[in-house]
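Okay, so here's the structure we're looking at.
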Amino acid sequence: MANNIEVKELLDAGVHFGHLTRRWDPNMAPYIYMERNGIHIINLYKTAAKIDEASEALKKIAASGRKILFVATKKQAKDIVAEKAKQANMPYITERWPGGMLTNFVTIRKAIKKMQTIDRMKQDGRFDTLSKKEKLQMNRLREKLEKNLGSIADMTRLPGALFVVDIKREHIAIKEAQKLNIPIFAMVDTNSDPRQVDYLIPSNDDASKSIDKIVGYVSNAVIEGLAERKSGKEAQAEGKDAPAPAPKAKATQEPKAKAAPAPVETPEPAKVEATASEEEE
């Protein structure tokens, strides 16, 4: 994966631009290359290494069958993250983060089921039996749920990991994931504390080009993981369908020939006569 990451591409996308020096977080010092015109410049070689590390971990999670939840509610990241997450067939949150999304997941699932119930009512005709006012209320509720939770409708259990753009903005999501020990992957700018995440990618989390480039690498890794899982399942299915090998025929052993009885010695006539004469004497 590291061989596919070109530092020049990261440079062209503006991934190296950090925040103003006065707004920096000292914990990001190892990932800062220099300061220019009052702005910190991120070391792109370290960024490339971190992208590779995060991509390998995400690929394994995707290959295991777990979901990866993409989170980005800032304006310049919404559409990019939604598009990339859809390509990877993963859930995403691009509107307001619903409080308790992870820590109170049971309630969130109930809201999703309510949305699915309304859809079933429209399909089987029960929706048409409602009054005009009830229909209006149902439609409004459906639109609200679709806007906030429609992108996670297929997420039936807690995600295997979280990928976040801008951890300062998504601090509630970070706290919930930390509480549940869910691995956190994130784009971390120079004004954020990298200790809050498990896999950081030091990068500019404000420019749309930078976000597009980093999320593109991440989503490709997830797609690769899913492809590996699919090929593994197909190989397993082929192994099951293959005919079982014919049982080996048991070697038939010929019965051992019975040993011939030892021959009985018959006394010679001369010896018989000798013994008879001895008895007469």
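Ligands are numbered from 1 in the order shown, residues from 1 within each chain, and chains are lettered A, B, ... in the order they appear in the structure tokens.
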Shell around Ser55 in chain A at 8 Å using only C-alpha atoms, local window under 5 positions removed, as a PyMOL selection string
chain A and resi 1+217-218+221-222
Keeping C-alpha atoms for every residue in the selection just given, could you write it to a file as an mmCIF file, in the first residue's frame?
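Full text of selection31.cif as output:
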```cif
data_model
loop_
_atom_site.group_PDB
_atom_site.id
_atom_site.type_symbol
_atom_site.label_atom_id
_atom_site.label_comp_id
_atom_site.auth_asym_id
_atom_site.auth_seq_id
_atom_site.Cartn_x
_atom_site.Cartn_y
_atom_site.Cartn_z
ATOM 1 C CA MET A 1 0.000 0.000 0.000
ATOM 2 C CA TYR A 217 -6.929 6.001 0.181
ATOM 3 C CA VAL A 218 -8.907 4.785 3.192
ATOM 4 C CA ALA A 221 -8.291 -0.112 1.550
ATOM 5 C CA VAL A 222 -11.773 -0.998 2.841
#
```
As a compact mmCIF listing (two decimals) with all heavy atoms, in the first residue's frame, please: the residues near Tyr199 in chain A (cut-off 7 Å, only C-alpha atoms, same-chain neighbours under 6 positions excluded).
```
# COMPACT_ATOMS: atom_id res chain seq x y z
N ALA A 54 -2.76 2.78 8.78
CA ALA A 54 -4.21 2.80 8.98
C ALA A 54 -4.94 1.96 7.93
O ALA A 54 -5.91 1.26 8.24
CB ALA A 54 -4.72 4.25 8.94
N ILE A 184 -10.39 3.96 16.79
CA ILE A 184 -10.67 5.23 16.12
C ILE A 184 -9.57 5.55 15.12
O ILE A 184 -8.39 5.60 15.47
CB ILE A 184 -10.78 6.38 17.14
CG1 ILE A 184 -11.85 6.06 18.20
CG2 ILE A 184 -11.10 7.70 16.44
CD1 ILE A 184 -11.79 6.97 19.41
N PHE A 185 -9.96 5.76 13.86
CA PHE A 185 -9.06 6.20 12.80
C PHE A 185 -9.47 7.63 12.47
O PHE A 185 -10.66 7.91 12.36
CB PHE A 185 -9.20 5.32 11.56
CG PHE A 185 -8.84 3.88 11.77
CD1 PHE A 185 -9.69 3.02 12.48
CD2 PHE A 185 -7.66 3.36 11.27
CE1 PHE A 185 -9.37 1.69 12.68
CE2 PHE A 185 -7.33 2.02 11.46
CZ PHE A 185 -8.18 1.20 12.16
N ALA A 186 -8.50 8.52 12.27
CA ALA A 186 -8.89 9.92 12.06
C ALA A 186 -7.84 10.72 11.31
O ALA A 186 -6.63 10.44 11.39
CB ALA A 186 -9.19 10.59 13.40
```
In range 13-242 of chain A, what's strand (DSSP E) per DSSP? Answer as number ranges by chain?
A: 17-20, 32-36, 39-42, 68-71, 92-93, 161-165, 184-188, 199-202
Just list as a ChimeraX atom specification whatever in range 26-268 of chain A DSSP marks as alpha helix (DSSP H).
/A:44-63,75-87,105-124,132-149,171-179,208-241
Which residues of range 11-113 of chain A sit at most 10 Å from range 205-211 of chain A, using only C-alpha atoms? Give each one's shortest atom pair and distance in Å (one decimal place), in chain and ascending residue order, as a Markdown table.
```
| residue | atom | partner | partner_atom | distance |
| --- | --- | --- | --- | --- |
| A:Leu11 | CA | A:Ser210 | CA | 9.1 |
| A:Asp12 | CA | A:Lys209 | CA | 8.8 |
| A:Ala13 | CA | A:Ser210 | CA | 5.1 |
| A:Gly14 | CA | A:Ser210 | CA | 5.7 |
| A:Val15 | CA | A:Ser210 | CA | 4.9 |
| A:His16 | CA | A:Ser210 | CA | 8.6 |
| A:Phe17 | CA | A:Ala207 | CA | 9.0 |
| A:Gly18 | CA | A:Asp205 | CA | 8.6 |
| A:His19 | CA | A:Asp206 | CA | 9.5 |
| A:Lys74 | CA | A:Asp206 | CA | 8.7 |
| A:Lys75 | CA | A:Ser208 | CA | 9.3 |
| A:Gln76 | CA | A:Ser208 | CA | 5.5 |
| A:Ala77 | CA | A:Ser208 | CA | 6.3 |
| A:Lys78 | CA | A:Ser208 | CA | 9.7 |
| A:Asp79 | CA | A:Ser208 | CA | 9.8 |
| A:Ile80 | CA | A:Ile211 | CA | 7.6 |
| A:Val81 | CA | A:Ile211 | CA | 8.3 |
```
Residues near range 130-139 of chain A, cut-off 12 Å, only C-alpha atoms, skip fewer than 6 positions along chain, as JSON, numbers by chain:
{"A": [114, 115, 116, 117, 118, 119, 121, 122, 145, 146]}
Could those residues be written to a file, using C-alpha atoms, as a PDB file, in the first residue's frame?
```pdb
ATOM      1  CA  LYS A 114     -39.777   2.877  13.081  1.00  0.00           C
ATOM      2  CA  MET A 115     -38.603   4.228   9.717  1.00  0.00           C
ATOM      3  CA  GLN A 116     -38.749   0.731   8.210  1.00  0.00           C
ATOM      4  CA  THR A 117     -42.265   0.234   9.640  1.00  0.00           C
ATOM      5  CA  ILE A 118     -43.490   3.363   7.816  1.00  0.00           C
ATOM      6  CA  ASP A 119     -41.991   1.989   4.591  1.00  0.00           C
ATOM      7  CA  MET A 121     -47.096   0.543   5.728  1.00  0.00           C
ATOM      8  CA  LYS A 122     -46.718   2.305   2.373  1.00  0.00           C
ATOM      9  CA  LEU A 145     -35.245   9.832  10.374  1.00  0.00           C
ATOM     10  CA  GLU A 146     -33.963   9.369   6.826  1.00  0.00           C
TER      11      GLU A 146
END
```
Measuring between only C-alpha atoms, which one of A:Ile214, A:Ala62, A:Met101, A:Leu141 shows the shortest distance to Glu228 in chain A?
A:Ala62
d(CA of Val164 in chain A, CA of Thr73 in chain A) in Å
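Interatomic distance, CA of Val164 in chain A to CA of Thr73 in chain A: 9.4 Å.
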List as JSON, numbers by chain the protein and nucleic acid residues near Leu162 in chain A, meaning an atom at most 10 Å away when only C-alpha atoms are counted, but skip any in the same chain fewer than 5 places from it.
{"A": [58, 67, 68, 69, 70, 71, 92, 173, 174, 177, 182, 183, 184, 185, 186, 197]}
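Straight-line separation from CA of Glu35 in chain A to CA of Thr21 in chain A: 7.4 Å.
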Using Å and a single decimal, report how far CA of Ala72 in chain A sits from CA of Glu95 in chain A.
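For CA of Glu95 in chain A relative to CA of Ala72 in chain A, the distance reads 7.8 Å.
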Which residues are near Ile51 in chain A? Cut-off 12 Å, only C-alpha atoms, ignore same chain within fewer than 5 positions. Put them as a PyMOL selection string.
chain A and resi 1-7+10+15+44-46+56-59+185-188+199-203+213-221
Fewer than 3 positions away in the same chain doesn't count, so skip those; otherwise give me all residues within 8 Å of Tyr33 in chain A, counting only C-alpha atoms, as a PyMOL selection string.
chain A and resi 40-43
